[in-house]
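For reference, the structure is listed below as structure tokens.
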Amino acid sequence: MHHQPVLLRETMNLLSPKAGESICDVTLGLGGHASALLKKALPGGVLIGLDADPINLKEAGLRLEPLHATVELHHANFRDLAQVLSSPVDIIFADLGVSSPHFDDPERGFSFRNDGPLDLRFDQTSGIPAFEWIAQADQEEIAQALRDGGELRSAWSIADSVLRKKPTTTKQLQECVEEALGWRATAAMAQVFQAFRIAVNAEMQALQSLLAMGSRLLNSGGRFGVISYHSLEDRLVKQAFRALVTVQKDPHTGQDVETAMYTLLTKKAVTPSAEEILENPRARSAKLRVIQKTIQLL
Ligand SMILES: C[S@@+](CC[C@H](N)C(=O)[O-])C[C@H]1O[C@@H](n2cnc3c(N)ncnc32)[C@H](O)[C@@H]1O
């Protein structure tokens with residue numbers, strides 16, 4: 001079943017593409033947001049799409065074909081965006097994390113509801129699957145990943161069980177968590193999978209790089225929007241955007257040294273309506289934040 005892209009109406013209103021603009025969607029997925037954004041940029045608009053997952057990239061390409069627009073697709077991680085873009089764009093958009101096909105295909109290891117190899121990579125053509133990562137990690141590294149990516153208080157005892165059993169399938173990881181937490185395992189399961197996913201894909205590092213360079217890759221008046229799905233991601237986005245819109249002051253005189261180059265278009269994070277959550281429960285934790293690069297009058 002295909003859901004509406006998350007926060008679609010809100011994303012369209014805030015990013016508000018105009019005819020002829022260039023759009024860079026760094027998490028193309030199945031191209032839901034991208035095709036809606038690109039339609040608004042026609043005629044003349046251009047889409048540059050990235051995805052770490054070559055299978056999604058191909059699907060998105062098929063979905064975008066009927067628009068007969070200029071579309072450039074890159075199998076790339078958005079941490080390398082600066083190398084991918086040859087010139088600044090009008091819109092940069094990221095819809096972080098997992099796409100529905102990842103959850104629905106047991107072979108990818110994202111879902112603990114189905115048994116499958118514990119892979120958890122967005123890009124199966126590079127890096128190592130989660131079960132290999134686990135096999136070569138020590139207890140401290142595993143516990144750290146669980147604390148950082150899952151904010152789990154019982155990280156140490158889950159790590160102990162994982163280290164002894166060396167799970168290679170989603171089912172076996174589930175058993176490790178059950179062994180460590182007993183009846184409390186069910187409530188923690190999603191966080192455990194999320195934590196290993198974040199570690200294996202180095203997601204926080206990738207997001208940090210994107211946030212550090214994204215704003216510099218915008219044209220004057222350009223918009224940069226990010227949809228995040230958990231508090232660790234949202235914290236990074238919020239802090240990075242805050243720093244960009246803050247006026248730099250001289251520490252001695254308190255005078256403004258530099259006027260802020262960016263404006264926050266979302267004072268508070270934008271969240272999905274009750275109707276959207278009812279229709280698509282996976283949207284429930286989504287948060288959208290957008291900044292705009294100040295229009296410079298020449
Ligand atoms: C939530 S989905 C995007 C869905 C998309 N907005 C749509 O409407 O179909 C996130 C996508 O980002 C990709 N992804 C996650 N981290 C990435 C990264 N660091 N670089 C590039 N793509 C990434 C995933 O493979 C996945 O396809």
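Each chain of the structure tokens is named A, B, ... in the order shown, its residues numbered from 1; ligands are numbered from 1 in display order.
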Just list the residues in stretch 89-297 of chain A DSSP gives strand (DSSP E) on the backbone, as a ChimeraX atom specification. /A:89-95,218-228,248-249,256-258,262-264,287-293
Within 9 Å of ligand 1, counting only C-alpha atoms and all ligand atoms, which protein or nucleic acid residues do you find, written as JSON, numbers by chain? {"A": [3, 4, 5, 6, 8, 25, 26, 27, 28, 29, 30, 31, 32, 33, 34, 35, 36, 50, 51, 52, 53, 54, 55, 56, 57, 60, 75, 76, 77, 78, 79, 80, 81, 93, 94, 95, 96, 97, 98, 99, 100, 101, 102, 121, 122, 123, 201, 202, 203, 204, 205, 206, 207, 210, 227, 228, 229]}
Export C-alpha atoms of the chosen residues as a PDB file, in the first residue's frame?
```pdb
ATOM      1  CA  HIS A   3       0.876   6.180   1.633  1.00  0.00           C
ATOM      2  CA  GLN A   4       0.834   9.858   0.910  1.00  0.00           C
ATOM      3  CA  PRO A   5       4.301  11.278   1.432  1.00  0.00           C
ATOM      4  CA  VAL A   6       4.693  12.495   5.039  1.00  0.00           C
ATOM      5  CA  LEU A   8       3.199  16.666   1.974  1.00  0.00           C
ATOM      6  CA  ASP A  25      15.847  15.918  -2.877  1.00  0.00           C
ATOM      7  CA  VAL A  26      18.626  14.161  -0.961  1.00  0.00           C
ATOM      8  CA  THR A  27      16.410  11.261   0.220  1.00  0.00           C
ATOM      9  CA  LEU A  28      14.452  10.511  -2.922  1.00  0.00           C
ATOM     10  CA  GLY A  29      12.861   7.275  -1.618  1.00  0.00           C
ATOM     11  CA  LEU A  30      10.043   6.434  -3.996  1.00  0.00           C
ATOM     12  CA  GLY A  31       9.939   9.998  -5.259  1.00  0.00           C
ATOM     13  CA  GLY A  32       6.673  11.041  -3.624  1.00  0.00           C
ATOM     14  CA  HIS A  33       7.763  14.431  -2.336  1.00  0.00           C
ATOM     15  CA  ALA A  34      10.091  14.921  -5.301  1.00  0.00           C
ATOM     16  CA  SER A  35       7.406  14.498  -7.958  1.00  0.00           C
ATOM     17  CA  ALA A  36       5.043  16.903  -6.166  1.00  0.00           C
ATOM     18  CA  LEU A  50      19.935  11.293  -4.300  1.00  0.00           C
ATOM     19  CA  ASP A  51      19.355   8.047  -2.481  1.00  0.00           C
ATOM     20  CA  ALA A  52      21.726   5.682  -0.739  1.00  0.00           C
ATOM     21  CA  ASP A  53      19.476   2.817  -1.804  1.00  0.00           C
ATOM     22  CA  PRO A  54      19.861   1.981  -5.519  1.00  0.00           C
ATOM     23  CA  ILE A  55      16.579   0.035  -5.571  1.00  0.00           C
ATOM     24  CA  ASN A  56      14.559   3.022  -4.360  1.00  0.00           C
ATOM     25  CA  LEU A  57      16.441   5.291  -6.737  1.00  0.00           C
ATOM     26  CA  ALA A  60      11.752   6.880  -8.112  1.00  0.00           C
ATOM     27  CA  HIS A  75      23.226   6.828  -6.134  1.00  0.00           C
ATOM     28  CA  ALA A  76      24.915   8.678  -3.300  1.00  0.00           C
ATOM     29  CA  ASN A  77      24.890   9.318   0.404  1.00  0.00           C
ATOM     30  CA  PHE A  78      23.789  12.847   1.254  1.00  0.00           C
ATOM     31  CA  ARG A  79      26.905  13.285   3.378  1.00  0.00           C
ATOM     32  CA  ASP A  80      28.642  13.715  -0.014  1.00  0.00           C
ATOM     33  CA  LEU A  81      26.166  16.316  -1.301  1.00  0.00           C
ATOM     34  CA  PHE A  93      14.914  18.707   0.974  1.00  0.00           C
ATOM     35  CA  ALA A  94      15.557  15.696   3.221  1.00  0.00           C
ATOM     36  CA  ASP A  95      12.962  13.223   4.509  1.00  0.00           C
ATOM     37  CA  LEU A  96      15.164  11.158   6.799  1.00  0.00           C
ATOM     38  CA  GLY A  97      15.233   7.500   7.688  1.00  0.00           C
ATOM     39  CA  VAL A  98      13.497   4.430   6.397  1.00  0.00           C
ATOM     40  CA  SER A  99      11.068   4.094   3.490  1.00  0.00           C
ATOM     41  CA  SER A 100       8.083   1.735   3.432  1.00  0.00           C
ATOM     42  CA  PRO A 101       9.751  -0.832   1.116  1.00  0.00           C
ATOM     43  CA  HIS A 102      12.558  -1.153   3.665  1.00  0.00           C
ATOM     44  CA  ARG A 121      21.730  -0.927   5.586  1.00  0.00           C
ATOM     45  CA  PHE A 122      20.144   1.665   3.283  1.00  0.00           C
ATOM     46  CA  ASP A 123      22.915   0.939   0.798  1.00  0.00           C
ATOM     47  CA  ASN A 201      24.448   3.585   8.492  1.00  0.00           C
ATOM     48  CA  ALA A 202      26.384   6.195  10.527  1.00  0.00           C
ATOM     49  CA  GLU A 203      23.194   8.241  10.330  1.00  0.00           C
ATOM     50  CA  MET A 204      24.034  10.967  12.811  1.00  0.00           C
ATOM     51  CA  GLN A 205      27.373  11.690  11.130  1.00  0.00           C
ATOM     52  CA  ALA A 206      25.669  11.865   7.721  1.00  0.00           C
ATOM     53  CA  LEU A 207      23.004  14.247   9.037  1.00  0.00           C
ATOM     54  CA  LEU A 210      24.357  17.539   5.486  1.00  0.00           C
ATOM     55  CA  ILE A 227      11.724  16.013   8.077  1.00  0.00           C
ATOM     56  CA  SER A 228      13.085  14.029  11.028  1.00  0.00           C
ATOM     57  CA  TYR A 229      11.570  11.074  12.863  1.00  0.00           C
TER      58      TYR A 229
END
```
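Using only C-alpha atoms, the nearest neighbour of A:Val247 within the list A:Asp234, A:Leu118, A:Met261, A:Val290 is A:Met261.
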Contact table stretch 87-186 of chain A vs stretch 195-200 of chain A, cut-off 6 Å, shortest pair per residue, only C-alpha atoms, as CSV:
```
residue,atom,partner,partner_atom,distance
A:Leu120,CA,A:Arg197,CA,5.4
A:Ala130,CA,A:Val200,CA,5.9
A:Ala145,CA,A:Ala195,CA,6.0
A:Leu146,CA,A:Ala195,CA,5.2
A:Gly149,CA,A:Ala195,CA,4.0
A:Gly150,CA,A:Ala195,CA,4.7
```
Save the residues we just selected, N, CA, C and O atoms, as a PDB file, in the first residue's frame?
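In the end it all went to out_28.pdb:
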```
ATOM      1  N   LEU A 120      20.023  -4.148   7.803  1.00  0.00           N
ATOM      2  CA  LEU A 120      19.749  -2.782   8.266  1.00  0.00           C
ATOM      3  C   LEU A 120      20.482  -1.669   7.517  1.00  0.00           C
ATOM      4  O   LEU A 120      20.540  -0.541   7.989  1.00  0.00           O
ATOM      5  N   ALA A 130      24.463  -5.209   9.664  1.00  0.00           N
ATOM      6  CA  ALA A 130      24.454  -5.083  11.128  1.00  0.00           C
ATOM      7  C   ALA A 130      25.026  -6.325  11.812  1.00  0.00           C
ATOM      8  O   ALA A 130      25.746  -6.207  12.799  1.00  0.00           O
ATOM      9  N   ALA A 145      26.187   2.240  21.182  1.00  0.00           N
ATOM     10  CA  ALA A 145      25.252   2.380  20.058  1.00  0.00           C
ATOM     11  C   ALA A 145      23.814   2.362  20.569  1.00  0.00           C
ATOM     12  O   ALA A 145      22.971   3.135  20.104  1.00  0.00           O
ATOM     13  N   LEU A 146      23.537   1.493  21.536  1.00  0.00           N
ATOM     14  CA  LEU A 146      22.169   1.388  22.072  1.00  0.00           C
ATOM     15  C   LEU A 146      21.788   2.642  22.860  1.00  0.00           C
ATOM     16  O   LEU A 146      20.649   3.101  22.797  1.00  0.00           O
ATOM     17  N   GLY A 149      21.746   5.715  20.001  1.00  0.00           N
ATOM     18  CA  GLY A 149      20.716   5.666  18.963  1.00  0.00           C
ATOM     19  C   GLY A 149      19.354   5.225  19.453  1.00  0.00           C
ATOM     20  O   GLY A 149      18.369   5.355  18.725  1.00  0.00           O
ATOM     21  N   GLY A 150      19.284   4.683  20.661  1.00  0.00           N
ATOM     22  CA  GLY A 150      17.989   4.200  21.141  1.00  0.00           C
ATOM     23  C   GLY A 150      17.618   4.777  22.485  1.00  0.00           C
ATOM     24  O   GLY A 150      16.531   4.540  22.991  1.00  0.00           O
TER      25      GLY A 150
END
```
With only C-alpha atoms as the counted atoms, please give the residues lying no more than 8 Å from A:Arg289, apart from itself and same-chain residues fewer than 6 positions off, as a list of chain:residue names.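 So the residues in contact are A:Gly225, A:Val226, A:Ile227, A:Val237, A:Lys238, A:Leu265, A:Thr266, A:Lys268, A:Ala269, A:Val270.
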Just the selected residues (N, CA, C and O atoms), exported as a compact mmCIF listing (two decimals), in the first residue's frame, please.
```txt
# COMPACT_ATOMS: atom_id res chain seq x y z
N GLY A 225 14.71 22.29 3.78
CA GLY A 225 13.73 21.67 4.68
C GLY A 225 14.15 20.26 5.07
O GLY A 225 14.68 19.52 4.23
N VAL A 226 13.92 19.90 6.33
CA VAL A 226 14.26 18.55 6.80
C VAL A 226 13.10 17.97 7.61
O VAL A 226 12.59 18.63 8.52
N ILE A 227 12.69 16.75 7.25
CA ILE A 227 11.72 16.01 8.08
C ILE A 227 12.51 14.96 8.86
O ILE A 227 13.22 14.14 8.27
N VAL A 237 18.88 19.02 13.86
CA VAL A 237 18.32 19.95 12.87
C VAL A 237 18.01 21.29 13.54
O VAL A 237 18.38 22.36 13.04
N LYS A 238 17.36 21.20 14.70
CA LYS A 238 16.97 22.41 15.43
C LYS A 238 18.19 23.26 15.78
O LYS A 238 18.20 24.47 15.55
N LEU A 265 11.71 29.54 8.77
CA LEU A 265 10.33 29.61 8.29
C LEU A 265 9.39 28.82 9.21
O LEU A 265 8.18 28.87 9.06
N THR A 266 9.96 28.05 10.12
CA THR A 266 9.16 27.28 11.09
C THR A 266 9.64 27.65 12.49
O THR A 266 10.67 27.16 12.93
N LYS A 268 8.26 26.83 15.27
CA LYS A 268 8.20 25.53 15.95
C LYS A 268 8.18 24.47 14.86
O LYS A 268 7.74 24.74 13.75
N ALA A 269 8.63 23.26 15.21
CA ALA A 269 8.60 22.19 14.22
C ALA A 269 7.15 21.93 13.80
O ALA A 269 6.24 22.00 14.63
N VAL A 270 6.95 21.66 12.52
CA VAL A 270 5.62 21.36 12.00
C VAL A 270 5.39 19.86 12.12
O VAL A 270 6.26 19.06 11.75
```
Here is a test: counting only C-alpha atoms, which residue of A:Thr168, A:Gln191, A:Asn13, A:Thr294 is nearest to A:Ser154?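 The answer is A:Gln191, which sits nearest to A:Ser154.
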Figure out the distance between atom CA of A:Ile277 and atom CA of A:Gly109, please, to one decimal in Å.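 So the answer is 24.6 Å.
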Mind the document's chain letters and residue numbers, and return as an MDAnalysis selection string the residues of stretch 104-293 of chain A that DSSP labels alpha helix (DSSP H). chainID A and resid 104 130:136 139:150 155:165 170:181 185:200 203:214 231:245 274:279
Selection: 9 Å around A:Val46, only C-alpha atoms, excl. self and same-chain fewer than 3 positions, as a PDB file with all heavy atoms, in the first residue's frame:
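Now in selection_9.pdb:
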```
ATOM      1  N   GLY A  20      10.705  26.978 -12.870  1.00  0.00           N
ATOM      2  CA  GLY A  20      12.098  27.239 -13.245  1.00  0.00           C
ATOM      3  C   GLY A  20      13.109  26.992 -12.133  1.00  0.00           C
ATOM      4  O   GLY A  20      14.313  27.098 -12.364  1.00  0.00           O
ATOM      5  N   GLU A  21      12.633  26.651 -10.935  1.00  0.00           N
ATOM      6  CA  GLU A  21      13.590  26.470  -9.827  1.00  0.00           C
ATOM      7  C   GLU A  21      14.259  25.096  -9.877  1.00  0.00           C
ATOM      8  O   GLU A  21      13.745  24.141 -10.461  1.00  0.00           O
ATOM      9  CB  GLU A  21      12.888  26.682  -8.482  1.00  0.00           C
ATOM     10  CG  GLU A  21      12.621  28.159  -8.214  1.00  0.00           C
ATOM     11  CD  GLU A  21      12.217  28.453  -6.776  1.00  0.00           C
ATOM     12  OE1 GLU A  21      11.484  27.653  -6.166  1.00  0.00           O
ATOM     13  OE2 GLU A  21      12.630  29.508  -6.261  1.00  0.00           O
ATOM     14  N   SER A  22      15.402  25.019  -9.210  1.00  0.00           N
ATOM     15  CA  SER A  22      16.121  23.742  -9.111  1.00  0.00           C
ATOM     16  C   SER A  22      15.898  23.159  -7.717  1.00  0.00           C
ATOM     17  O   SER A  22      15.998  23.861  -6.714  1.00  0.00           O
ATOM     18  CB  SER A  22      17.608  23.953  -9.364  1.00  0.00           C
ATOM     19  OG  SER A  22      18.080  25.027  -8.560  1.00  0.00           O
ATOM     20  N   ILE A  23      15.571  21.861  -7.698  1.00  0.00           N
ATOM     21  CA  ILE A  23      15.229  21.188  -6.446  1.00  0.00           C
ATOM     22  C   ILE A  23      16.183  20.028  -6.242  1.00  0.00           C
ATOM     23  O   ILE A  23      16.397  19.228  -7.153  1.00  0.00           O
ATOM     24  CB  ILE A  23      13.796  20.631  -6.529  1.00  0.00           C
ATOM     25  CG1 ILE A  23      12.801  21.776  -6.772  1.00  0.00           C
ATOM     26  CG2 ILE A  23      13.428  19.849  -5.266  1.00  0.00           C
ATOM     27  CD1 ILE A  23      11.481  21.300  -7.320  1.00  0.00           C
ATOM     28  N   CYS A  24      16.724  19.924  -5.045  1.00  0.00           N
ATOM     29  CA  CYS A  24      17.555  18.766  -4.737  1.00  0.00           C
ATOM     30  C   CYS A  24      16.920  17.992  -3.589  1.00  0.00           C
ATOM     31  O   CYS A  24      16.854  18.483  -2.463  1.00  0.00           O
ATOM     32  CB  CYS A  24      18.964  19.222  -4.368  1.00  0.00           C
ATOM     33  SG  CYS A  24      20.005  17.822  -3.957  1.00  0.00           S
ATOM     34  N   LEU A  38       8.599  18.842  -7.964  1.00  0.00           N
ATOM     35  CA  LEU A  38       9.021  19.100  -9.344  1.00  0.00           C
ATOM     36  C   LEU A  38       7.867  19.613 -10.206  1.00  0.00           C
ATOM     37  O   LEU A  38       8.056  20.526 -11.021  1.00  0.00           O
ATOM     38  CB  LEU A  38       9.628  17.819  -9.946  1.00  0.00           C
ATOM     39  CG  LEU A  38      10.128  17.902 -11.390  1.00  0.00           C
ATOM     40  CD1 LEU A  38      11.177  18.996 -11.565  1.00  0.00           C
ATOM     41  CD2 LEU A  38      10.724  16.560 -11.836  1.00  0.00           C
ATOM     42  N   ALA A  41       7.538  23.132 -10.051  1.00  0.00           N
ATOM     43  CA  ALA A  41       8.678  23.891 -10.600  1.00  0.00           C
ATOM     44  C   ALA A  41       8.644  23.902 -12.126  1.00  0.00           C
ATOM     45  O   ALA A  41       9.524  24.464 -12.767  1.00  0.00           O
ATOM     46  CB  ALA A  41       9.979  23.312 -10.093  1.00  0.00           C
ATOM     47  N   LEU A  42       7.651  23.257 -12.716  1.00  0.00           N
ATOM     48  CA  LEU A  42       7.543  23.221 -14.183  1.00  0.00           C
ATOM     49  C   LEU A  42       6.734  24.413 -14.675  1.00  0.00           C
ATOM     50  O   LEU A  42       5.847  24.866 -13.955  1.00  0.00           O
ATOM     51  CB  LEU A  42       6.889  21.913 -14.625  1.00  0.00           C
ATOM     52  CG  LEU A  42       7.687  20.640 -14.274  1.00  0.00           C
ATOM     53  CD1 LEU A  42       6.931  19.390 -14.707  1.00  0.00           C
ATOM     54  CD2 LEU A  42       9.081  20.675 -14.898  1.00  0.00           C
ATOM     55  N   ALA A  69      10.609  15.871 -17.380  1.00  0.00           N
ATOM     56  CA  ALA A  69      11.357  17.036 -16.900  1.00  0.00           C
ATOM     57  C   ALA A  69      12.835  16.687 -16.836  1.00  0.00           C
ATOM     58  O   ALA A  69      13.214  15.537 -17.032  1.00  0.00           O
ATOM     59  CB  ALA A  69      10.853  17.431 -15.524  1.00  0.00           C
ATOM     60  N   THR A  70      13.650  17.691 -16.554  1.00  0.00           N
ATOM     61  CA  THR A  70      15.079  17.422 -16.384  1.00  0.00           C
ATOM     62  C   THR A  70      15.301  16.833 -15.000  1.00  0.00           C
ATOM     63  O   THR A  70      15.084  17.497 -13.989  1.00  0.00           O
ATOM     64  CB  THR A  70      15.892  18.729 -16.538  1.00  0.00           C
ATOM     65  OG1 THR A  70      15.462  19.362 -17.732  1.00  0.00           O
ATOM     66  CG2 THR A  70      17.379  18.440 -16.575  1.00  0.00           C
ATOM     67  N   VAL A  71      15.684  15.562 -14.984  1.00  0.00           N
ATOM     68  CA  VAL A  71      15.883  14.855 -13.722  1.00  0.00           C
ATOM     69  C   VAL A  71      17.272  14.232 -13.742  1.00  0.00           C
ATOM     70  O   VAL A  71      17.661  13.584 -14.714  1.00  0.00           O
ATOM     71  CB  VAL A  71      14.815  13.747 -13.532  1.00  0.00           C
ATOM     72  CG1 VAL A  71      15.124  12.905 -12.307  1.00  0.00           C
ATOM     73  CG2 VAL A  71      13.419  14.350 -13.433  1.00  0.00           C
ATOM     74  N   GLU A  72      17.986  14.448 -12.665  1.00  0.00           N
ATOM     75  CA  GLU A  72      19.345  13.899 -12.541  1.00  0.00           C
ATOM     76  C   GLU A  72      19.362  13.031 -11.287  1.00  0.00           C
ATOM     77  O   GLU A  72      19.081  13.532 -10.196  1.00  0.00           O
ATOM     78  CB  GLU A  72      20.259  15.112 -12.329  1.00  0.00           C
ATOM     79  CG  GLU A  72      21.656  15.017 -12.828  1.00  0.00           C
ATOM     80  CD  GLU A  72      22.403  16.262 -12.382  1.00  0.00           C
ATOM     81  OE1 GLU A  72      22.229  17.311 -13.048  1.00  0.00           O
ATOM     82  OE2 GLU A  72      23.110  16.196 -11.379  1.00  0.00           O
TER      83      GLU A  72
END
```
From the set A:Val245, A:Ile134, A:Ala212, A:Leu152, which residue has the shortest atom-to-atom contact distance to A:Thr263, counting only C-alpha atoms?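 Among the listed residues, A:Val245 lies closest to A:Thr263.
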In terms of the shortest atom-to-atom distance over only C-alpha atoms, which of A:Ala180, A:Ala185, A:Leu173, A:Ala135 is closest to A:Trp156?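 Among the listed residues, the smallest separation from A:Trp156 belongs to A:Ala180.
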